[in-house]
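Undergrad: Next comes the structure file start15.csv, holding CSV, C-alpha atoms and all ligand atoms.
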chain,number,residue,atom,x,y,z
A,758,MET,CA,7.8,-49.3,35.2
A,759,SER,CA,9.1,-51.9,32.8
A,760,ASN,CA,12.1,-54.0,33.4
A,761,LEU,CA,14.7,-53.2,30.7
A,762,PHE,CA,17.0,-55.8,29.4
A,763,VAL,CA,18.8,-56.7,26.2
A,764,PHE,CA,20.2,-60.0,25.2
A,765,GLY,CA,23.1,-58.7,23.1
A,766,CYS,CA,23.9,-55.7,21.0
A,767,ILE,CA,20.6,-55.7,19.2
A,768,SER,CA,21.4,-52.8,16.9
A,769,ASP,CA,24.7,-53.2,14.9
A,770,SER,CA,24.9,-56.8,15.9
A,771,LYS,CA,26.7,-59.2,13.6
A,772,ILE,CA,26.6,-62.9,14.2
A,773,HIS,CA,29.6,-65.0,13.5
A,774,ALA,CA,29.8,-68.7,13.8
A,775,TYR,CA,32.6,-70.3,16.0
A,776,LYS,CA,33.5,-73.8,16.8
A,777,SER,CA,31.4,-74.7,19.8
A,778,LYS,CA,30.8,-77.7,22.0
A,779,GLU,CA,27.8,-78.5,24.1
A,780,PRO,CA,28.4,-76.8,27.5
A,781,LYS,CA,28.7,-79.1,30.4
A,782,ASN,CA,30.7,-77.2,33.1
A,783,VAL,CA,29.5,-73.6,33.4
A,784,LEU,CA,30.6,-70.8,35.7
A,785,VAL,CA,28.7,-67.9,37.1
A,786,LEU,CA,30.6,-65.2,38.9
A,787,TRP,CA,29.3,-62.0,40.4
A,788,PHE,CA,30.1,-59.1,42.5
A,789,SER,CA,27.2,-57.9,44.5
A,790,GLN,CA,26.9,-55.5,47.4
A,791,THR,CA,23.2,-55.2,48.1
A,792,GLY,CA,22.3,-58.6,46.8
A,793,HIS,CA,20.5,-58.0,43.4
A,794,THR,CA,23.3,-59.2,41.1
A,795,GLU,CA,23.8,-62.2,43.4
A,796,ILE,CA,20.1,-63.2,43.2
A,797,TYR,CA,20.1,-63.0,39.4
A,798,GLY,CA,23.4,-64.9,39.2
A,799,LYS,CA,22.1,-67.6,41.4
A,800,LEU,CA,18.9,-67.8,39.4
A,801,ILE,CA,20.8,-68.3,36.2
A,802,GLY,CA,22.8,-71.0,37.9
A,803,ALA,CA,19.5,-72.7,39.1
A,804,VAL,CA,18.1,-72.5,35.5
A,805,TRP,CA,21.2,-74.1,34.1
A,806,GLU,CA,21.3,-76.8,36.8
A,807,LYS,CA,17.7,-77.6,35.9
A,808,MET,CA,19.0,-78.0,32.3
A,809,GLY,CA,21.4,-80.7,33.5
A,810,LEU,CA,24.6,-78.6,33.5
A,811,ASN,CA,27.3,-78.7,36.1
A,812,VAL,CA,27.1,-75.2,37.6
A,813,THR,CA,29.6,-73.4,39.8
A,814,CYS,CA,28.4,-70.1,41.2
A,815,SER,CA,30.6,-67.8,43.2
A,816,GLU,CA,31.5,-64.3,44.3
A,817,ILE,CA,34.0,-63.1,41.8
A,818,ARG,CA,36.8,-62.3,44.3
A,819,GLU,CA,37.1,-66.0,45.1
A,820,PHE,CA,38.3,-66.4,41.5
A,821,TYR,CA,41.1,-63.9,41.6
A,822,ASN,CA,44.1,-65.1,39.4
A,823,LYS,CA,42.3,-68.3,38.5
A,824,ASN,CA,42.5,-70.4,35.3
A,825,LEU,CA,38.9,-70.8,34.0
A,826,ASN,CA,39.7,-73.1,31.0
A,827,GLU,CA,38.0,-76.1,32.7
A,828,TYR,CA,34.7,-74.3,32.0
A,829,ASP,CA,32.7,-74.4,28.7
A,830,LEU,CA,30.9,-71.1,29.5
A,831,VAL,CA,31.7,-68.3,31.8
A,832,LEU,CA,29.2,-65.6,32.9
A,833,ILE,CA,30.3,-62.5,34.8
A,834,ALA,CA,27.9,-60.1,36.5
A,835,ALA,CA,28.3,-56.8,38.3
A,836,PRO,CA,26.3,-53.8,39.5
A,837,VAL,CA,26.5,-50.5,37.6
A,838,PHE,CA,28.5,-48.1,39.8
A,839,ASN,CA,28.9,-44.6,38.4
A,840,TYR,CA,28.0,-45.5,34.8
A,841,ASP,CA,30.7,-48.1,34.9
A,842,ILE,CA,31.5,-51.5,36.6
A,843,PRO,CA,33.3,-51.3,39.9
A,844,GLY,CA,37.1,-51.1,39.6
A,845,TYR,CA,37.7,-54.2,41.6
A,846,VAL,CA,35.5,-56.3,39.2
A,847,LYS,CA,37.8,-55.0,36.4
A,848,ASP,CA,40.8,-56.0,38.5
A,849,CYS,CA,39.5,-59.5,39.1
A,850,ILE,CA,38.8,-60.0,35.4
A,851,ASN,CA,42.2,-58.7,34.5
A,852,SER,CA,43.8,-61.1,37.0
A,853,LEU,CA,42.4,-64.2,35.2
A,854,LYS,CA,44.6,-66.4,33.2
A,855,GLN,CA,44.2,-66.3,29.4
A,856,LEU,CA,40.9,-67.9,28.2
A,857,ASN,CA,41.1,-70.6,25.6
A,858,GLU,CA,38.2,-69.3,23.3
A,859,ILE,CA,35.6,-70.0,26.0
A,860,PRO,CA,32.1,-68.5,25.3
A,861,VAL,CA,31.6,-65.6,27.7
A,862,ALA,CA,28.5,-63.6,28.7
A,863,SER,CA,27.8,-60.7,31.1
A,864,PHE,CA,25.0,-58.9,32.8
A,865,VAL,CA,24.7,-55.9,35.0
A,866,SER,CA,22.1,-54.9,37.6
A,867,TYR,CA,21.3,-51.3,37.9
A,868,GLY,CA,19.0,-48.8,39.7
A,869,GLY,CA,19.3,-45.6,37.8
A,870,PRO,CA,16.9,-44.3,35.1
A,871,GLU,CA,19.6,-43.0,32.7
A,872,GLY,CA,19.8,-45.7,30.1
A,873,ASP,CA,23.6,-45.9,30.0
A,874,GLN,CA,23.8,-49.4,31.6
A,875,HIS,CA,24.4,-51.2,28.3
A,876,ASN,CA,27.9,-49.8,28.2
A,877,ALA,CA,28.7,-51.3,31.6
A,878,ALA,CA,27.7,-54.8,30.5
A,879,SER,CA,29.8,-54.2,27.3
A,880,ILE,CA,32.8,-53.4,29.4
A,881,ILE,CA,32.7,-56.8,31.1
A,882,LEU,CA,32.6,-58.5,27.7
A,883,GLU,CA,35.4,-56.3,26.3
A,884,LEU,CA,37.6,-57.3,29.2
A,885,LEU,CA,36.7,-60.9,28.8
A,886,SER,CA,37.3,-60.7,25.0
A,887,GLU,CA,40.8,-59.3,25.6
A,888,LYS,CA,41.4,-62.4,27.7
A,889,GLY,CA,40.4,-64.6,24.8
A,890,GLY,CA,36.7,-65.2,25.6
A,891,ILE,CA,34.1,-65.3,22.8
A,892,PRO,CA,31.1,-63.0,23.7
A,893,VAL,CA,27.8,-64.7,23.3
A,894,GLY,CA,25.4,-62.4,25.1
A,895,MET,CA,24.8,-59.7,27.6
A,896,ALA,CA,21.9,-58.2,29.5
A,897,THR,CA,20.9,-55.4,31.9
A,898,PHE,CA,18.4,-55.9,34.7
A,899,MET,CA,16.8,-53.1,36.6
A,900,ASN,CA,15.9,-53.0,40.3
A,901,MET,CA,15.9,-50.7,43.2
A,902,GLY,CA,18.9,-48.4,43.2
A,903,ALA,CA,21.2,-48.7,46.2
A,904,TYR,CA,22.7,-45.2,46.2
A,905,PRO,CA,22.1,-43.6,49.6
A,906,PRO,CA,22.6,-39.9,48.7
A,907,VAL,CA,19.5,-40.0,46.5
A,908,TRP,CA,17.1,-40.8,49.4
A,909,ASP,CA,16.1,-39.3,52.7
A,910,ASP,CA,13.2,-39.6,55.0
A,911,ASN,CA,11.2,-37.1,53.0
A,912,THR,CA,11.5,-38.8,49.7
A,913,ILE,CA,10.9,-42.3,51.0
A,914,SER,CA,7.9,-41.3,53.1
A,915,SER,CA,5.9,-40.8,50.0
A,916,PRO,CA,3.5,-43.7,49.4
A,917,ASP,CA,4.2,-43.6,45.7
A,918,LEU,CA,7.7,-44.9,45.4
A,919,PRO,CA,9.2,-44.5,41.9
A,920,GLY,CA,8.6,-47.6,39.8
A,921,ASN,CA,12.0,-49.3,40.2
A,922,LYS,CA,11.6,-49.2,44.0
A,923,THR,CA,9.3,-52.2,43.7
A,924,LEU,CA,11.8,-54.2,41.7
A,925,PRO,CA,12.9,-57.0,41.3
A,926,ASP,CA,9.6,-58.7,40.6
A,927,GLU,CA,8.4,-61.8,38.8
A,928,GLU,CA,8.8,-60.0,35.5
A,929,THR,CA,12.4,-59.2,36.3
A,930,TYR,CA,13.0,-62.9,37.2
A,931,ASN,CA,11.4,-64.0,34.0
A,932,SER,CA,13.8,-61.8,32.0
A,933,VAL,CA,16.7,-63.4,33.9
A,934,ARG,CA,15.4,-66.9,33.2
A,935,ALA,CA,14.9,-66.0,29.5
A,936,PHE,CA,18.5,-64.7,29.4
A,937,ALA,CA,19.8,-67.9,30.9
A,938,GLY,CA,18.0,-69.9,28.1
A,939,PHE,CA,19.2,-67.5,25.4
A,940,ILE,CA,22.9,-67.9,26.4
A,941,ILE,CA,22.7,-71.7,26.2
A,942,ASP,CA,21.0,-71.4,22.8
A,943,GLN,CA,23.7,-69.1,21.6
A,944,VAL,CA,26.5,-71.5,22.7
A,945,GLY,CA,24.6,-74.5,21.2
A,946,GLN,CA,24.4,-72.8,17.9
A,947,GLY,CA,27.9,-71.5,17.9
A,948,LYS,CA,26.7,-67.9,17.8
A,949,ARG,CA,28.5,-64.9,19.1
A,950,ILE,CA,27.6,-61.2,19.5
A,951,GLU,CA,29.4,-58.1,18.5
A,952,VAL,CA,30.3,-55.9,21.5
A,953,ASP,CA,29.6,-52.2,21.1
A,954,LYS,CA,29.2,-49.2,23.3
A,955,HIS,CA,26.6,-46.4,23.0
A,956,ILE,CA,27.7,-42.8,23.1
A,957,THR,CA,25.8,-41.1,25.9
A,958,LEU,CA,26.2,-37.9,27.8
A,959,ARG,CA,26.1,-39.9,31.1
A,960,ARG,CA,29.0,-42.0,29.9
A,961,LEU,CA,31.2,-38.8,29.7
A,962,ALA,CA,30.8,-38.6,33.5
A,963,THR,CA,33.2,-41.5,33.9
A,964,VAL,CA,36.1,-39.3,32.8
A,965,ILE,CA,35.6,-36.7,35.5
A,966,ASN,CA,36.3,-39.3,38.3
A,967,PRO,CA,32.9,-39.6,40.0
A,968,ILE,CA,34.5,-41.3,43.1
A,969,PHE,CA,36.7,-38.3,43.7
A,970,TRP,CA,33.7,-35.9,43.5
A,971,THR,CA,31.5,-38.1,45.7
A,972,LYS,CA,34.2,-38.3,48.3
A,973,LEU,CA,34.3,-34.5,48.3
A,974,ALA,CA,30.6,-34.3,48.8
A,975,ILE,CA,30.5,-36.9,51.7
A,976,LYS,CA,31.7,-34.7,54.6
A,977,LYS,CA,31.8,-37.4,57.3
A,978,HIS,CA,32.5,-41.1,57.1
A,979,SER,CA,33.0,-42.9,60.4
A,980,ILE,CA,31.6,-45.6,62.7
A,981,ASP,CA,29.4,-44.8,65.6
A,982,LYS,CA,31.0,-46.5,68.6
A,983,ASP,CA,27.7,-46.5,70.6
A,984,THR,CA,25.7,-48.4,68.0
A,985,CYS,CA,28.3,-50.6,66.4
A,986,ILE,CA,28.1,-54.2,67.5
A,987,GLN,CA,31.4,-55.3,66.0
A,988,CYS,CA,29.7,-57.8,63.6
A,989,GLY,CA,32.3,-57.1,60.9
A,990,THR,CA,29.8,-56.7,58.1
A,991,CYS,CA,31.3,-53.4,56.9
A,992,LYS,CA,34.8,-54.8,56.8
A,993,LYS,CA,33.6,-57.9,54.9
A,994,LYS,CA,31.6,-55.8,52.4
A,995,CYS,CA,34.4,-53.2,51.8
A,996,PRO,CA,36.3,-54.1,48.6
A,997,ALA,CA,39.0,-51.6,49.4
A,998,ASN,CA,40.0,-52.9,52.8
A,999,ALA,CA,39.4,-49.5,54.2
A,1000,ILE,CA,37.6,-50.4,57.4
A,1001,ASP,CA,38.8,-51.6,60.7
A,1002,PRO,CA,35.7,-51.9,62.9
A,1003,SER,CA,37.7,-53.1,65.9
A,1004,GLU,CA,39.2,-49.6,66.0
A,1005,TYR,CA,36.1,-47.9,64.6
A,1006,VAL,CA,38.3,-46.6,61.8
A,1007,VAL,CA,37.4,-45.8,58.1
A,1008,ASN,CA,40.4,-45.0,56.0
A,1009,ARG,CA,39.0,-42.4,53.7
A,1010,ASP,CA,42.0,-42.4,51.3
A,1011,ARG,CA,41.4,-46.1,50.5
A,1012,CYS,CA,37.6,-45.8,50.4
A,1013,VAL,CA,36.2,-46.1,46.8
A,1014,MET,CA,32.8,-44.6,47.7
A,1015,CYS,CA,30.8,-47.8,47.0
A,1016,PHE,CA,28.5,-47.4,50.1
A,1017,GLY,CA,28.9,-51.1,50.8
A,1018,CYS,CA,29.5,-50.3,54.5
A,1019,ILE,CA,26.5,-48.1,55.1
A,1020,ASN,CA,24.2,-50.1,52.8
A,1021,ASN,CA,24.8,-53.4,54.7
A,1022,CYS,CA,25.3,-52.3,58.4
A,1023,PRO,CA,22.5,-54.0,60.4
A,1024,GLN,CA,22.8,-51.3,63.1
A,1025,ASN,CA,22.8,-48.2,61.0
A,1026,ALA,CA,26.1,-47.5,62.7
A,1027,ILE,CA,28.0,-46.0,59.7
A,1028,ILE,CA,28.0,-42.2,59.9
A,1029,MET,CA,28.1,-40.5,56.5
A,1030,THR,CA,26.8,-37.0,55.8
A,1031,TYR,CA,25.9,-35.5,52.4
A,1032,SER,CA,24.6,-32.0,51.9
A,1033,GLY,CA,24.3,-31.6,55.6
A,1034,ARG,CA,22.1,-34.6,56.3
A,1035,ARG,CA,23.0,-38.0,57.7
A,1036,LEU,CA,22.7,-40.8,55.2
A,1037,PHE,CA,21.2,-44.2,55.9
A,1038,GLY,CA,21.8,-47.4,54.0
A,1039,PHE,CA,19.9,-49.8,51.8
A,1040,LYS,CA,19.1,-52.3,54.7
A,1041,GLU,CA,17.8,-49.4,56.7
A,1042,LEU,CA,15.7,-48.1,53.8
A,1043,LEU,CA,14.1,-51.5,53.4
A,1044,LYS,CA,13.4,-51.6,57.1
A,1045,ARG,CA,11.9,-48.1,57.3
A,1046,LYS,CA,9.8,-48.7,54.1
A,1047,ASN,CA,8.8,-52.2,55.2
A,1048,ILE,CA,10.0,-53.6,51.8
A,1049,LYS,CA,10.9,-57.2,51.5
A,1050,ILE,CA,12.7,-58.4,48.3
A,1051,LYS,CA,10.9,-61.6,47.2
A,1052,GLU,CA,13.4,-64.1,45.9
A,1053,PRO,CA,12.6,-66.2,42.8
A,1054,GLU,CA,11.0,-69.6,43.7
A,1055,GLU,CA,14.0,-71.5,42.5
A,1056,LEU,CA,16.1,-69.9,45.3
A,1057,GLN,CA,13.4,-70.2,48.0
A,1058,VAL,CA,13.3,-74.0,47.5
A,1059,LYS,CA,17.1,-74.2,47.9
A,1060,SER,CA,17.5,-72.2,51.0
B,1,LIG,C1,28.2,-46.3,44.4
B,1,LIG,C2,27.0,-46.6,43.5
B,1,LIG,C3,26.9,-46.1,42.2
B,1,LIG,C4,25.8,-46.4,41.4
B,1,LIG,N1,25.8,-45.9,40.1
B,1,LIG,C5,24.8,-46.2,39.3
B,1,LIG,C6,24.7,-45.7,38.0
B,1,LIG,O1,25.6,-45.0,37.5
B,1,LIG,N2,23.7,-46.1,37.2
B,1,LIG,C7,22.7,-46.9,37.6
B,1,LIG,O2,21.8,-47.2,36.9
B,1,LIG,N3,22.7,-47.4,38.9
B,1,LIG,C8,23.7,-47.1,39.7
B,1,LIG,N4,23.7,-47.6,41.0
B,1,LIG,C9,22.7,-48.5,41.5
B,1,LIG,C10,23.2,-49.9,41.4
B,1,LIG,O3,23.7,-50.2,40.1
B,1,LIG,C11,22.1,-50.9,41.7
B,1,LIG,O4,21.6,-50.7,43.0
B,1,LIG,C12,22.6,-52.4,41.6
B,1,LIG,O5,21.5,-53.2,41.4
B,1,LIG,C13,23.3,-52.9,42.9
B,1,LIG,O6,23.7,-54.2,42.7
B,1,LIG,P1,23.9,-55.2,44.0
B,1,LIG,O7,22.6,-55.2,44.8
B,1,LIG,O8,24.1,-56.5,43.4
B,1,LIG,O9,25.0,-54.6,44.8
B,1,LIG,C14,24.8,-47.2,41.9
B,1,LIG,C15,24.9,-47.8,43.2
B,1,LIG,C16,25.9,-47.4,44.0
B,1,LIG,C17,26.0,-48.0,45.4
Would it be possible to restate this file's structure as structure tokens?

TA:
Amino acid sequence: MSNLFVFGCISDSKIHAYKSKEPKNVLVLWFSQTGHTEIYGKLIGAVWEKMGLNVTCSEIREFYNKNLNEYDLVLIAAPVFNYDIPGYVKDCINSLKQLNEIPVASFVSYGGPEGDQHNAASIILELLSEKGGIPVGMATFMNMGAYPPVWDDNTISSPDLPGNKTLPDEETYNSVRAFAGFIIDQVGQGKRIEVDKHITLRRLATVINPIFWTKLAIKKHSIDKDTCIQCGTCKKKCPANAIDPSEYVVNRDRCVMCFGCINNCPQNAIIMTYSGRRLFGFKELLKRKNIKIKEPEELQVKS
């Protein structure tokens, strides 16, 4: 399985010059729930640090309402959720102060096979352009998908996991490193990209409100009092503030069906059912399948 990525809108791309200065202070922001987007974001930060840049890396929600004009380059990354980027990433970008013609870049991580992910990366750039940013590049990086309804003990017991279940690998990280270099080249040369969207059937699914339909299909969503250890991970990971572990309560009205709680619970204590079977999360999947995600060497040295 090859790792798919693009460094801009390759077809229909028009390059326009803009007044650029050598980047010094650069910002990498991500939203990440099962860690893939965060690893790629940190890797890009590490590559840029090695190039001598002052790099700030952070979870995007720390930058709500912020003014980013002290940076010479801003990169924003998110996972693809339901053929789109998560709503709270959009909220964070919309909350930023107006950008003073700062070069901006984006990437998404994704796990599905559909080929619609380019549009999600475009959405980040569109929002940043509306804020006054100048789009200089975008990419998509494929890895294991973290969508619990698609796996169960039968599918994962097969020794032949589908190709992306072995990702990210060194090839993925090389693509990420190359993207980091590409962005700096773009800025150095004062180049920008044209942001476009591809028309795909999958994309049409975004108009039928996938969160509503998923919620309808998930019959139970609660916390198992007997196994919960009150570690607070589910509360921390929930972007909708829908969970109160001290009371073992999930507010289903607030929930945005991101699976952040079940995917990260270390005890498998979140109870969700789908098509009559109990789901288990991404951490539990890794445990049951004995999969370890190998981080790129740049990050291993640091930790
Ligand atoms: C709620 C949800 C919806 C998803 N929808 C899509 C999708 O539409 N297309 C896709 O390629 N991957 C989809 N995925 C897979 C994620 O994009 C993928 O696992 C991503 O790398 C997660 O990033 P993270 O580890 O940084 O949280 C979805 C995952 C979740 C949890």

Undergrad: Atom CA of Asn824 of chain A to atom CA of Phe898 of chain A: how many Å, to one decimal?

TA: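 Between atom CA of Asn824 of chain A and atom CA of Phe898 of chain A the gap is 28.1 Å.
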
Undergrad: Excluding Asn1025 of chain A and its own-chain neighbours fewer than 5 positions away, which residues fall within 9 Å of it when counting all atoms listed in the file? Please give them as a compact mmCIF listing (two decimals) with C-alpha atoms, keeping the file's coordinate frame.

TA:
# COMPACT_ATOMS: atom_id res chain seq x y z
CA ASP A 981 29.40 -44.80 65.60
CA THR A 984 25.70 -48.40 68.00
CA CYS A 985 28.30 -50.60 66.40
CA ILE A 1019 26.50 -48.10 55.10
CA ASN A 1020 24.20 -50.10 52.80
CA PHE A 1037 21.20 -44.20 55.90
CA GLY A 1038 21.80 -47.40 54.00
CA LYS A 1040 19.10 -52.30 54.70
CA GLU A 1041 17.80 -49.40 56.70

Undergrad: Rank nothing, just name the residue among A:Trp787, A:Trp908, A:Trp970, A:Tyr1005 nearest to ligand LIG 1 (chain B), using all atoms listed in the file.

TA: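 When distances to ligand LIG 1 (chain B) are compared using all atoms listed in the file, the smallest one comes from A:Trp787.
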
Undergrad: To one decimal in Å, tell me the separation between atom CA of Lys976 of chain A and atom CA of Thr1030 of chain A.

TA: 5.5 Å

Undergrad: Counting all atoms listed in the file, name the residues that have an atom within 6 Å of an atom of ligand LIG 1 (chain B); the answer should be given as a list of chain:residue names.

TA: A:Ser789, A:Gln790, A:Thr791, A:Gly792, A:His793, A:Thr794, A:Glu795, A:Pro836, A:Val837, A:Phe838, A:Asn839, A:Tyr840, A:Ser866, A:Tyr867, A:Gly868, A:Gly869, A:Pro870, A:Asn900, A:Met901, A:Gly902, A:Ala903, A:Tyr904, A:Met1014, A:Cys1015, A:Phe1016

Undergrad: Set the distance at 7 Å and use only C-alpha atoms: which residues neighbour Ile1028 of chain A once local chain neighbours fewer than 6 positions away are removed? I'd like the list as a PyMOL selection string.

TA: chain A and resi 977-981+1035

Undergrad: Find the spatial neighbours of Met895 of chain A, counting all atoms listed in the file, within a cut-off of 12 Å - ignore same-chain residues fewer than 6 positions away - and output them as an NGL selection string.

TA: :A and (762-767 or 831-835 or 860-866 or 874-883 or 933 or 935-937 or 939-940 or 943 or 949-953)

Undergrad: Given only C-alpha atoms as the basis, pick out the residue of A:Val1058, A:Leu973, A:Leu884, A:Ile941 nearest to Asn782 of chain A.

TA: A:Ile941

Undergrad: Taking only C-alpha atoms into account, which of A:Asp1001, A:Val785, A:Ala896, A:Leu1036 comes nearest Val804 of chain A?

TA: A:Val785

Undergrad: Using the file's own x, y and z axes, what box holds all listed atoms of segment 1028-1036 of chain A with 5 Å on each side, keeping edges along x, y and z, and what are its centre and edge lengths in Å to one decimal, as AutoDock Vina command-line options?

TA:
--center_x 25.1 --center_y -36.9 --center_z 55.9 --size_x 16.0 --size_y 20.6 --size_z 18.0

Undergrad: For Asp926 of chain A, which residue out of A:Gly844, A:Gly889, A:Gly809, A:Pro1053 is the nearest one, using only C-alpha atoms?

TA: A:Pro1053

Undergrad: How many Å separate atom CA of Ser815 of chain A from atom CA of Tyr845 of chain A?

TA: 15.4 Å
